[in-house]
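entry.cif (mmCIF, C-alpha atoms)
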data_data
loop_
_atom_site.label_atom_id
_atom_site.label_comp_id
_atom_site.auth_asym_id
_atom_site.auth_seq_id
_atom_site.Cartn_x
_atom_site.Cartn_y
_atom_site.Cartn_z
CA MET A 394 -10.64 -4.12 -85.64
CA GLY A 395 -9.67 -2.94 -89.12
CA GLU A 396 -8.01 -6.28 -89.95
CA LEU A 397 -11.07 -8.34 -88.99
CA LEU A 398 -13.73 -5.89 -90.19
CA PRO A 399 -12.19 -3.71 -92.93
CA SER A 400 -15.38 -1.65 -93.43
CA PHE A 401 -14.86 -0.13 -89.95
CA SER A 402 -11.19 0.80 -90.41
CA LYS A 403 -11.81 4.46 -91.30
CA LEU A 404 -14.68 5.05 -88.86
CA ASN A 405 -14.53 6.60 -85.40
CA GLY A 406 -15.34 3.85 -82.91
CA ALA A 407 -15.69 3.55 -79.16
CA LEU A 408 -15.11 0.70 -76.71
CA PHE A 409 -17.44 -0.17 -73.83
CA SER A 410 -15.52 -2.51 -71.53
CA GLU A 411 -14.14 -3.02 -68.04
CA ILE A 412 -10.74 -2.01 -69.42
CA VAL A 413 -12.08 1.46 -70.24
CA LEU A 414 -13.84 1.68 -66.87
CA ASN A 415 -10.64 0.77 -65.04
CA LYS A 416 -8.74 3.51 -66.90
CA PHE A 417 -11.28 6.14 -65.80
CA ILE A 418 -11.14 4.83 -62.21
CA ASP A 419 -7.34 4.95 -62.31
CA GLU A 420 -7.52 8.59 -63.43
CA GLU A 421 -9.79 9.33 -60.47
CA ILE A 422 -7.35 7.73 -58.04
CA ARG A 423 -4.16 9.18 -59.51
CA HIS A 424 -5.24 12.65 -60.64
CA GLY A 425 -8.66 13.29 -59.09
CA LYS A 426 -10.24 13.53 -62.56
CA ASN A 427 -13.98 12.66 -62.70
CA ASP A 428 -14.60 12.64 -66.44
CA VAL A 429 -17.48 10.19 -66.17
CA ALA A 430 -20.37 11.18 -63.89
CA THR A 431 -22.89 8.76 -62.40
CA GLU A 432 -26.56 9.58 -61.90
CA THR A 433 -25.91 10.18 -58.19
CA LYS A 434 -22.79 12.29 -58.95
CA ASN A 435 -20.61 9.75 -57.13
CA SER A 436 -17.13 8.89 -58.32
CA LEU A 437 -16.81 5.67 -60.31
CA LEU A 438 -14.60 4.24 -57.58
CA HIS A 439 -17.36 4.53 -54.98
CA SER A 440 -20.25 3.48 -57.23
CA SER A 441 -21.80 0.08 -57.84
CA GLU A 442 -20.96 -1.87 -60.99
CA GLY A 443 -24.38 -1.04 -62.43
CA GLU A 444 -23.95 2.69 -61.82
CA ARG A 445 -20.49 2.57 -63.38
CA LYS A 446 -21.62 0.86 -66.58
CA LYS A 447 -24.67 3.10 -67.00
CA ALA A 448 -22.45 6.17 -66.59
CA LEU A 449 -19.84 4.87 -69.05
CA LEU A 450 -22.49 4.12 -71.69
CA ASP A 451 -23.99 7.62 -71.33
CA HIS A 452 -20.50 9.11 -71.62
CA ILE A 453 -19.74 7.12 -74.79
CA ILE A 454 -23.07 8.00 -76.44
CA ALA A 455 -22.37 11.69 -75.80
CA GLN A 456 -19.15 11.32 -77.86
CA LYS A 457 -21.28 10.29 -80.90
CA PRO A 458 -19.09 7.43 -82.24
CA ASP A 459 -19.71 5.85 -85.64
CA TYR A 460 -19.79 2.39 -84.09
CA LEU A 461 -19.57 0.84 -80.62
CA VAL A 462 -17.73 -2.30 -79.49
CA ILE A 463 -19.11 -3.74 -76.24
CA ASP A 464 -17.10 -6.33 -74.32
CA ASN A 465 -18.58 -8.43 -71.46
CA VAL A 466 -21.39 -5.89 -71.14
CA PHE A 467 -23.37 -7.86 -68.52
CA GLY A 468 -20.54 -8.90 -66.20
CA ASN A 469 -21.50 -8.34 -62.51
CA LEU A 470 -24.82 -6.68 -63.43
CA ASP A 471 -28.22 -7.53 -61.96
CA VAL A 472 -31.23 -8.40 -64.14
CA ALA A 473 -32.82 -4.93 -63.99
CA THR A 474 -29.59 -3.16 -64.99
CA GLN A 475 -29.01 -5.67 -67.81
CA ALA A 476 -32.49 -4.92 -69.18
CA HIS A 477 -31.90 -1.15 -68.91
CA ILE A 478 -28.59 -1.29 -70.78
CA GLU A 479 -29.87 -3.69 -73.45
CA LYS A 480 -32.83 -1.38 -74.14
CA GLN A 481 -30.45 1.58 -74.46
CA LEU A 482 -28.14 -0.35 -76.78
CA GLU A 483 -31.03 -1.53 -78.95
CA ALA A 484 -32.18 2.06 -79.41
CA LEU A 485 -28.61 3.08 -80.23
CA SER A 486 -28.34 0.29 -82.83
CA LYS A 487 -30.90 2.13 -84.97
CA THR A 488 -28.33 4.84 -85.71
CA ILE A 489 -24.89 3.22 -85.36
CA SER A 490 -23.36 -0.25 -85.65
CA ILE A 491 -23.07 -2.32 -82.47
CA ILE A 492 -20.41 -5.04 -82.22
CA GLN A 493 -20.73 -7.31 -79.18
CA ILE A 494 -17.93 -9.48 -77.78
CA ALA A 495 -19.42 -12.15 -75.51
CA ASN A 496 -18.15 -15.28 -73.74
CA ARG A 497 -21.52 -16.75 -72.67
CA LYS A 498 -24.40 -17.61 -74.98
CA PHE A 499 -26.99 -16.32 -72.52
CA ASP A 500 -25.32 -12.88 -72.75
CA PHE A 501 -26.06 -12.51 -76.48
CA LEU A 502 -28.05 -9.32 -77.12
CA GLY A 503 -31.45 -10.16 -78.57
CA PHE A 504 -31.36 -7.52 -81.31
CA ILE A 505 -28.04 -8.69 -82.82
CA LYS A 506 -28.78 -10.77 -85.91
CA ASN A 507 -25.36 -11.80 -87.23
CA THR A 508 -23.18 -13.94 -84.94
CA TYR A 509 -19.58 -14.99 -85.57
CA LYS A 510 -16.75 -16.69 -83.75
CA LEU A 511 -13.04 -16.06 -83.97
CA LYS A 512 -11.23 -19.10 -85.36
CA GLU A 513 -7.54 -19.06 -86.26
CA GLY A 514 -7.57 -15.27 -86.56
CA LYS A 515 -10.61 -15.19 -88.84
CA LEU A 516 -14.31 -14.57 -88.30
CA VAL A 517 -16.57 -17.48 -89.24
CA GLU A 518 -20.31 -17.91 -88.78
CA PHE A 519 -21.39 -19.20 -85.37
CA SER A 520 -24.29 -21.61 -84.87
CA ASN A 521 -26.20 -21.40 -81.58
CA THR A 522 -26.02 -25.20 -81.33
CA GLU A 523 -22.21 -25.12 -81.19
CA ASN A 524 -19.96 -25.37 -78.17
CA LYS A 525 -22.06 -27.75 -76.13
CA VAL A 526 -20.40 -28.03 -72.75
CA GLU A 527 -19.14 -31.54 -72.06
CA ALA A 528 -18.81 -32.81 -68.51
CA PHE A 529 -15.28 -32.78 -67.18
CA HIS A 530 -14.51 -35.08 -64.30
CA PHE A 531 -12.06 -34.31 -61.50
CA VAL A 532 -11.45 -37.95 -60.65
CA GLU A 533 -8.82 -37.58 -57.90
CA ALA A 534 -10.08 -37.27 -54.32
CA LEU A 535 -9.58 -33.92 -52.66
CA PRO A 536 -6.74 -33.79 -50.11
CA PHE A 537 -7.66 -33.64 -46.45
CA LEU A 538 -5.78 -31.39 -44.05
CA GLU A 539 -6.93 -31.64 -40.43
CA ARG A 540 -7.43 -28.26 -38.81
CA HIS A 541 -5.34 -27.82 -35.66
CA ASN A 542 -8.13 -25.83 -34.04
CA GLU A 543 -11.03 -27.96 -35.33
CA ASN A 544 -12.67 -28.17 -31.91
CA GLU A 545 -12.37 -24.41 -31.42
CA ILE A 546 -14.40 -23.55 -34.54
CA LEU A 547 -17.93 -23.11 -33.32
CA ASN A 548 -21.13 -23.24 -35.33
CA PRO A 549 -22.52 -21.14 -36.77
CA LEU A 550 -19.38 -19.99 -38.59
CA VAL A 551 -21.03 -16.67 -39.43
CA ARG A 552 -23.92 -15.09 -37.54
CA PHE A 553 -25.64 -11.76 -38.26
CA ASN A 554 -28.25 -10.76 -35.67
CA LYS A 555 -30.47 -7.80 -36.66
CA VAL A 556 -27.62 -5.99 -38.40
CA SER A 557 -28.51 -2.54 -39.81
CA ILE A 558 -25.98 -0.44 -41.73
CA HIS A 559 -26.10 3.16 -42.93
CA TYR A 560 -23.56 5.13 -44.99
CA ARG A 561 -24.04 8.75 -44.02
CA GLU A 562 -27.82 9.07 -44.31
CA ARG A 563 -28.23 6.29 -46.86
CA PRO A 564 -29.62 3.02 -45.40
CA ILE A 565 -27.88 -0.08 -46.80
CA LEU A 566 -29.00 -3.05 -44.66
CA LYS A 567 -32.05 -3.39 -42.43
CA GLU A 568 -32.07 -5.88 -39.54
CA ILE A 569 -30.23 -8.66 -41.34
CA SER A 570 -30.34 -11.96 -39.42
CA TRP A 571 -28.52 -14.86 -41.06
CA GLU A 572 -26.35 -17.86 -40.16
CA ILE A 573 -23.85 -19.94 -42.13
CA LYS A 574 -22.98 -23.33 -40.64
CA SER A 575 -20.16 -25.74 -41.38
CA GLY A 576 -20.58 -27.65 -44.65
CA GLU A 577 -23.43 -25.50 -45.97
CA PHE A 578 -23.43 -24.13 -49.52
CA TRP A 579 -25.05 -20.68 -49.77
CA GLN A 580 -25.62 -18.21 -52.56
CA LEU A 581 -25.94 -14.54 -51.60
CA MET A 582 -28.07 -12.76 -54.20
CA GLY A 583 -29.32 -9.23 -54.68
CA PRO A 584 -29.33 -6.44 -57.25
CA ASN A 585 -26.38 -4.08 -57.63
CA GLY A 586 -26.16 -1.75 -54.67
CA SER A 587 -28.26 -3.99 -52.40
CA GLY A 588 -25.46 -4.51 -49.86
CA LYS A 589 -23.77 -7.77 -50.94
CA SER A 590 -20.30 -6.20 -50.91
CA THR A 591 -21.02 -4.54 -47.55
CA MET A 592 -21.90 -7.92 -46.02
CA LEU A 593 -18.77 -9.52 -47.48
CA SER A 594 -16.56 -6.74 -46.13
CA MET A 595 -17.97 -7.31 -42.64
CA ILE A 596 -17.11 -11.01 -42.85
CA PHE A 597 -13.79 -10.97 -44.68
CA GLY A 598 -12.56 -7.41 -44.39
CA ASP A 599 -12.03 -4.83 -41.71
CA ASN A 600 -15.19 -2.79 -42.32
CA PRO A 601 -15.55 -0.43 -39.33
CA LYS A 602 -19.32 -0.54 -39.81
CA ALA A 603 -19.23 -4.10 -38.40
CA TYR A 604 -18.10 -2.91 -34.98
CA GLY A 605 -20.99 -2.26 -32.63
CA GLN A 606 -23.16 -4.69 -34.61
CA ASP A 607 -24.18 -8.13 -33.35
CA ILE A 608 -21.93 -10.18 -35.66
CA THR A 609 -20.18 -13.39 -34.63
CA LEU A 610 -17.42 -14.96 -36.76
CA PHE A 611 -16.13 -18.44 -35.91
CA GLY A 612 -17.43 -18.22 -32.37
CA VAL A 613 -15.95 -14.77 -31.66
CA LYS A 614 -18.11 -11.65 -31.48
CA LYS A 615 -16.97 -8.89 -33.81
CA GLY A 616 -15.27 -6.11 -31.89
CA SER A 617 -14.15 -8.24 -28.95
CA GLY A 618 -10.45 -7.90 -29.75
CA GLU A 619 -10.11 -10.46 -32.55
CA SER A 620 -7.39 -9.98 -35.16
CA ILE A 621 -8.49 -9.45 -38.76
CA TRP A 622 -5.62 -11.77 -39.74
CA ASP A 623 -6.92 -14.52 -37.45
CA ILE A 624 -10.28 -14.27 -39.21
CA LYS A 625 -8.70 -14.36 -42.68
CA GLN A 626 -6.78 -17.51 -41.76
CA LYS A 627 -10.16 -19.26 -41.46
CA ILE A 628 -11.43 -18.03 -44.83
CA GLY A 629 -10.53 -18.99 -48.37
CA TYR A 630 -11.39 -16.16 -50.75
CA PHE A 631 -11.68 -15.85 -54.52
CA SER A 632 -12.95 -13.00 -56.66
CA SER A 633 -12.69 -12.52 -60.42
CA GLU A 634 -11.03 -9.18 -59.55
CA MET A 635 -8.10 -11.05 -57.92
CA LEU A 636 -6.55 -11.90 -61.27
CA ARG A 637 -5.50 -8.26 -61.66
CA GLY A 638 -3.21 -8.66 -58.67
CA PHE A 639 -1.33 -11.69 -60.00
CA THR A 640 1.17 -10.34 -62.51
CA ARG A 641 4.32 -12.10 -61.29
CA ARG A 642 5.75 -14.96 -63.31
CA ASP A 643 5.31 -17.56 -60.56
CA ALA A 644 5.13 -21.28 -61.24
CA ILE A 645 1.73 -22.97 -60.95
CA GLY A 646 2.94 -25.14 -58.07
CA ASN A 647 4.25 -22.14 -56.14
CA MET A 648 0.96 -20.33 -56.64
CA VAL A 649 -0.94 -23.21 -55.02
CA VAL A 650 1.40 -23.66 -52.05
CA SER A 651 1.47 -19.88 -51.39
CA GLY A 652 -2.12 -20.25 -50.17
CA PHE A 653 -0.77 -21.55 -46.86
CA PHE A 654 0.79 -18.13 -46.27
CA ASP A 655 -1.82 -15.86 -47.98
CA THR A 656 0.92 -14.22 -50.03
CA VAL A 657 1.21 -13.28 -53.71
CA GLY A 658 4.31 -15.31 -54.47
CA LEU A 659 6.18 -17.82 -52.32
CA TYR A 660 8.52 -16.21 -49.77
CA LYS A 661 8.66 -18.93 -47.10
CA THR A 662 9.84 -22.51 -47.34
CA PRO A 663 6.82 -24.81 -47.11
CA THR A 664 6.88 -27.93 -44.97
CA ASN A 665 6.87 -31.39 -46.52
CA ALA A 666 3.23 -31.79 -45.41
CA GLN A 667 2.27 -28.54 -47.13
CA ILE A 668 4.05 -29.55 -50.33
CA LYS A 669 2.22 -32.89 -50.27
CA ILE A 670 -1.17 -31.18 -49.93
CA ALA A 671 -0.38 -28.74 -52.76
CA GLN A 672 0.73 -31.58 -55.01
CA GLN A 673 -2.49 -33.47 -54.37
CA TRP A 674 -4.49 -30.38 -55.39
CA LEU A 675 -2.42 -30.17 -58.57
CA ARG A 676 -3.31 -33.80 -59.32
CA VAL A 677 -6.99 -33.02 -58.75
CA LEU A 678 -6.68 -30.20 -61.31
CA ASN A 679 -4.70 -32.45 -63.71
CA MET A 680 -1.84 -29.92 -63.54
CA PHE A 681 0.80 -31.86 -61.62
CA ASP A 682 2.85 -32.50 -64.76
CA ILE A 683 2.86 -28.78 -65.64
CA ARG A 684 3.39 -27.51 -62.06
CA LYS A 685 6.63 -25.70 -63.06
CA GLN A 686 4.91 -23.89 -65.91
CA CYS A 687 4.21 -20.16 -65.49
CA PHE A 688 0.82 -19.38 -63.95
CA LEU A 689 0.27 -16.52 -66.42
CA SER A 690 0.57 -18.95 -69.35
CA LEU A 691 -2.70 -20.66 -68.35
CA SER A 692 -6.08 -19.77 -69.80
CA ARG A 693 -8.30 -17.49 -67.72
CA GLY A 694 -10.46 -20.45 -66.69
CA HIS A 695 -7.54 -22.61 -65.59
CA GLN A 696 -5.99 -19.72 -63.69
CA ARG A 697 -9.18 -19.61 -61.60
CA LEU A 698 -8.95 -23.33 -60.86
CA VAL A 699 -5.43 -22.77 -59.53
CA LEU A 700 -6.60 -19.86 -57.36
CA ILE A 701 -9.40 -22.01 -55.92
CA ALA A 702 -6.81 -24.66 -55.00
CA ARG A 703 -4.69 -21.86 -53.51
CA ALA A 704 -7.67 -20.78 -51.37
CA MET A 705 -8.40 -24.36 -50.27
CA VAL A 706 -4.95 -25.75 -49.37
CA LYS A 707 -5.30 -24.63 -45.73
CA ASN A 708 -8.71 -26.37 -45.52
CA PRO A 709 -10.57 -23.21 -44.44
CA PRO A 710 -13.91 -23.47 -42.60
CA LEU A 711 -15.37 -20.95 -45.09
CA LEU A 712 -14.78 -20.39 -48.82
CA ILE A 713 -16.07 -17.10 -50.28
CA LEU A 714 -16.60 -16.83 -54.05
CA ASP A 715 -17.31 -13.27 -55.22
CA GLU A 716 -18.70 -13.20 -58.80
CA PRO A 717 -16.29 -16.04 -59.64
CA THR A 718 -17.51 -16.81 -63.19
CA ASN A 719 -17.47 -13.23 -64.48
CA GLY A 720 -15.60 -13.14 -67.80
CA LEU A 721 -15.48 -16.91 -68.32
CA ASP A 722 -16.83 -18.67 -71.39
CA ASP A 723 -19.41 -21.44 -71.10
CA SER A 724 -16.88 -24.29 -71.03
CA ASP A 725 -14.62 -22.72 -68.41
CA ALA A 726 -17.62 -21.70 -66.27
CA ALA A 727 -18.90 -25.28 -66.30
CA LEU A 728 -15.43 -26.56 -65.36
CA PHE A 729 -15.19 -24.05 -62.50
CA CYS A 730 -18.64 -25.00 -61.21
CA GLU A 731 -17.81 -28.70 -61.26
CA LEU A 732 -14.80 -28.10 -59.02
CA ILE A 733 -16.87 -26.04 -56.57
CA ASN A 734 -19.58 -28.71 -56.46
CA LYS A 735 -16.87 -31.29 -55.72
CA ILE A 736 -15.54 -29.18 -52.84
CA SER A 737 -19.07 -28.88 -51.48
CA ALA A 738 -19.64 -32.64 -51.68
CA GLU A 739 -16.28 -33.83 -50.31
CA THR A 740 -15.35 -31.34 -47.58
CA ASN A 741 -16.84 -29.66 -44.50
CA THR A 742 -15.92 -26.23 -45.85
CA ALA A 743 -18.93 -23.94 -45.99
CA ILE A 744 -19.24 -22.11 -49.34
CA LEU A 745 -20.61 -18.61 -49.84
CA TYR A 746 -21.17 -17.90 -53.53
CA VAL A 747 -21.96 -14.22 -54.16
CA SER A 748 -23.62 -13.25 -57.42
CA HIS A 749 -26.65 -11.43 -58.78
CA ARG A 750 -27.64 -14.40 -60.93
CA LYS A 751 -27.84 -18.18 -60.68
CA GLU A 752 -25.18 -20.21 -62.45
CA ALA A 753 -26.78 -23.15 -64.26
CA ASN A 754 -24.10 -25.68 -63.26
CA LEU A 755 -23.72 -24.61 -59.63
CA ASP A 756 -25.79 -26.32 -56.92
CA PRO A 757 -26.05 -24.25 -53.70
CA ASP A 758 -28.20 -25.67 -50.89
CA PHE A 759 -29.69 -22.33 -49.88
CA ILE A 760 -30.10 -18.81 -51.23
CA TYR A 761 -30.05 -15.64 -49.12
CA GLN A 762 -31.81 -12.92 -51.10
CA LEU A 763 -31.33 -9.21 -50.43
CA VAL A 764 -34.35 -7.11 -51.38
CA PRO A 765 -33.79 -3.32 -51.40
CA SER A 766 -36.26 -0.97 -49.73
CA GLU A 767 -36.29 2.70 -48.71
CA ASN A 768 -35.05 1.69 -45.25
CA GLY A 769 -32.27 -0.59 -46.49
CA SER A 770 -32.15 -4.10 -47.93
CA GLU A 771 -33.97 -6.84 -46.09
CA GLY A 772 -32.84 -10.48 -46.26
CA TYR A 773 -34.84 -13.64 -46.93
CA VAL A 774 -33.81 -17.31 -46.98
CA ILE A 775 -34.88 -19.21 -50.11
CA ASN A 776 -34.60 -23.01 -49.83
#
This entry written out as structure tokens:
Amino acid sequence: MGELLPSFSKLNGALFSEIVLNKFIDEEIRHGKNDVATETKNSLLHSSEGERKKALLDHIIAQKPDYLVIDNVFGNLDVATQAHIEKQLEALSKTISIIQIANRKFDFLGFIKNTYKLKEGKLVEFSNTENKVEAFHFVEALPFLERHNENEILNPLVRFNKVSIHYRERPILKEISWEIKSGEFWQLMGPNGSGKSTMLSMIFGDNPKAYGQDITLFGVKKGSGESIWDIKQKIGYFSSEMLRGFTRRDAIGNMVVSGFFDTVGLYKTPTNAQIKIAQQWLRVLNMFDIRKQCFLSLSRGHQRLVLIARAMVKNPPLLILDEPTNGLDDSDAALFCELINKISAETNTAILYVSHRKEANLDPDFIYQLVPSENGSEGYVIN
């Protein structure tokens, strides 16, 4: 900071970012230390993203820094929490300097007057008309891999019938009834803490709350003896959080083909058919010529394209995208969305995009909106 902004070099600053949040959460897990308290006195680990960021901001303000650097302040936050934090930051800006680091233009804080971009290690003035996103075309056709059990996959792929969930005495979901059918493109929306993650965990994970509920996945009723691994074989999954788990220096090509085995790294020898499918995905992404390059050398946006191909190589009936554009800049987000729209148009894979906000370049067919109430969130279909 001192090299780019010399006037701040001798001041006591603070950083508001997911990096800092993750350090506090790690301290909770490793040492049981709860240095940052949420409004509900929950640990950060078991709080929503909105509760975490509110608590971190209150903690930082209590330290009375001379200036505050905020990085990706709105990532994974609903509209109401964004407004709350922006109002708090605007009030704070009256007494200390606020420096915002943002990837998306619609995340710019309204009260910040001077805007710069980092170019060749230097700060230069940024015009709001810059960085217009140009269309990028994935011209190659997507590969097709016939499912061996195609006739066994029954519609709807996912069915919730009057599902109600409580955690202790706290109601989370109230009589949720919802179906996802083959080839449909859904967005699941709702404010932080409304139950989106709970619903995902009952589809993709082994949430014990799902047992005893009327939930059917791929024609099999939950709790009837199905294997969680059988379910995961039918689902492609991507979350922005996944990138933390990929720290090995694997080649791009190996990362894609490892999707057949749901492993981090390639430990089995793929068949010739699997290699062919992976190579076709690399051509779609325009990465075939760099397939031996290290995955970690790619930009954050291009890493996500590779992980989507990794999720899709087995041609899953359902692709789940959990806050997939969090942390991307405008160009990379548009590129990511174009690939997802292509998958929606050219395959029978159903897509479930989970986010609190609509992405301008993404075109879901339907929206399932969770609306919190005292008795738990209720769900409504928005066409």
**Residues matched by the PyMOL selection byres ((chain A and resi 461) around 7), written as an NGL selection string** = :A and (406-408 or 458 or 460 or 462-463 or 490-492)
Exercise for review: Given the file shown, enumerate the residues that the PyMOL selection byres ((chain A and resi 433-450) around 8) captures and present them as a list in words.
Suggested key: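 Evaluating the PyMOL selection byres ((chain A and resi 433-450) around 8) on this file yields Phe409, Leu414, Phe417, Ile418, Glu421, Asn427, Val429, Ala430, Thr431, Glu432, Asp451, His452, Ile453, Ile454, Asn469, Leu470, Asp471, Thr474, Ile478, Asn585 and Gly586 of chain A.
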task = Enumerate, as a list in words, the residues matched when the PyMOL selection byres ((chain A and resi 670) around 8) is run on the file above.
result = Pro536, Phe537, Leu538, Ala666, Gln667, Ile668, Lys669, Ala671, Gln672, Gln673, Trp674 and Val706 of chain A
Let me have the centre and edge lengths of the axis-aligned box enclosing all listed atoms of region 560-571 of chain A with 5 Å padding on every side, in Å to one decimal, as lines of an AutoDock Vina configuration file.
center_x = -27.8
center_y = -2.9
center_z = -43.1
size_x = 18.5
size_y = 33.9
size_z = 17.4
Between CA of Leu482 (chain A) and CA of Glu767 (chain A) lies a distance of 29.4 Å
When distances are computed from all atoms listed in the file, which of A:Phe467, A:Phe531, A:Pro601, A:Ala644 shows the smallest separation from Tyr560 (chain A)?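 Counting all atoms listed in the file, the residue closest to Tyr560 (chain A) is A:Pro601.
From CA of Phe631 (chain A) back to CA of Ala743 (chain A), the distance works out to 13.8 Å.
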Query raised in the report: What does the distance between CA of Phe499 (chain A) and CA of Ser402 (chain A) come to in Å, to one decimal place?
Result: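 Going from CA of Phe499 (chain A) over to CA of Ser402 (chain A) covers 29.4 Å.
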Note to self: Here's a test: counting all atoms listed in the file, identify every protein, DNA and RNA residue with an atom at most 10 Å from (-0.2, -27.5, -63.9) in the file's coordinate frame, and state them as an NGL selection string.
What the structure shows: :A and (644-646 or 649 or 672 or 674-676 or 678-688 or 691 or 695-696 or 699)
- prompt: Pick the closest to Gln580 (chain A) from A:Leu659, A:Ile628, A:Val747, A:Val650: which is it, counting only C-alpha atoms?
  reply: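 Looking only at the distances to Gln580 (chain A), the closest residue turns out to be A:Val747.
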Hey, could you make a per-residue contact list for region 419-525 of chain A against region 709-721 of chain A with 9 Å as the cut-off, showing the nearest pair of atoms and its distance in Å to one decimal, counting only C-alpha atoms, sorted by chain and number, as CSV?
residue,atom,partner,partner_atom,distance
A:Asn465,CA,A:Gly720,CA,6.7
A:Phe467,CA,A:Asn719,CA,8.9
A:Gly468,CA,A:Asn719,CA,5.6
A:Asn469,CA,A:Asn719,CA,6.6
A:Ala495,CA,A:Gly720,CA,8.7
A:Asn496,CA,A:Leu721,CA,6.3
A:Arg497,CA,A:Leu721,CA,7.4
Closest of A:Ser570, A:Asn647, A:Gln626, A:Asn708 to Thr609 (chain A), counting only C-alpha atoms, is A:Ser570
Exercise. Leaving out Glu752 (chain A) and any residue of its chain fewer than 5 positions from it, which residues lie within 10 Å of it when counting all atoms listed in the file, given as an NGL selection string?
Worked result: :A and (718 or 726-727 or 730 or 757)
Excluding same-chain residues fewer than 4 positions from Asp655 (chain A), what lies within 10 Å of it counting all atoms listed in the file, as a PyMOL selection string?
-> chain A and resi 622+625-626+629-630+650-651+659+703-704+707
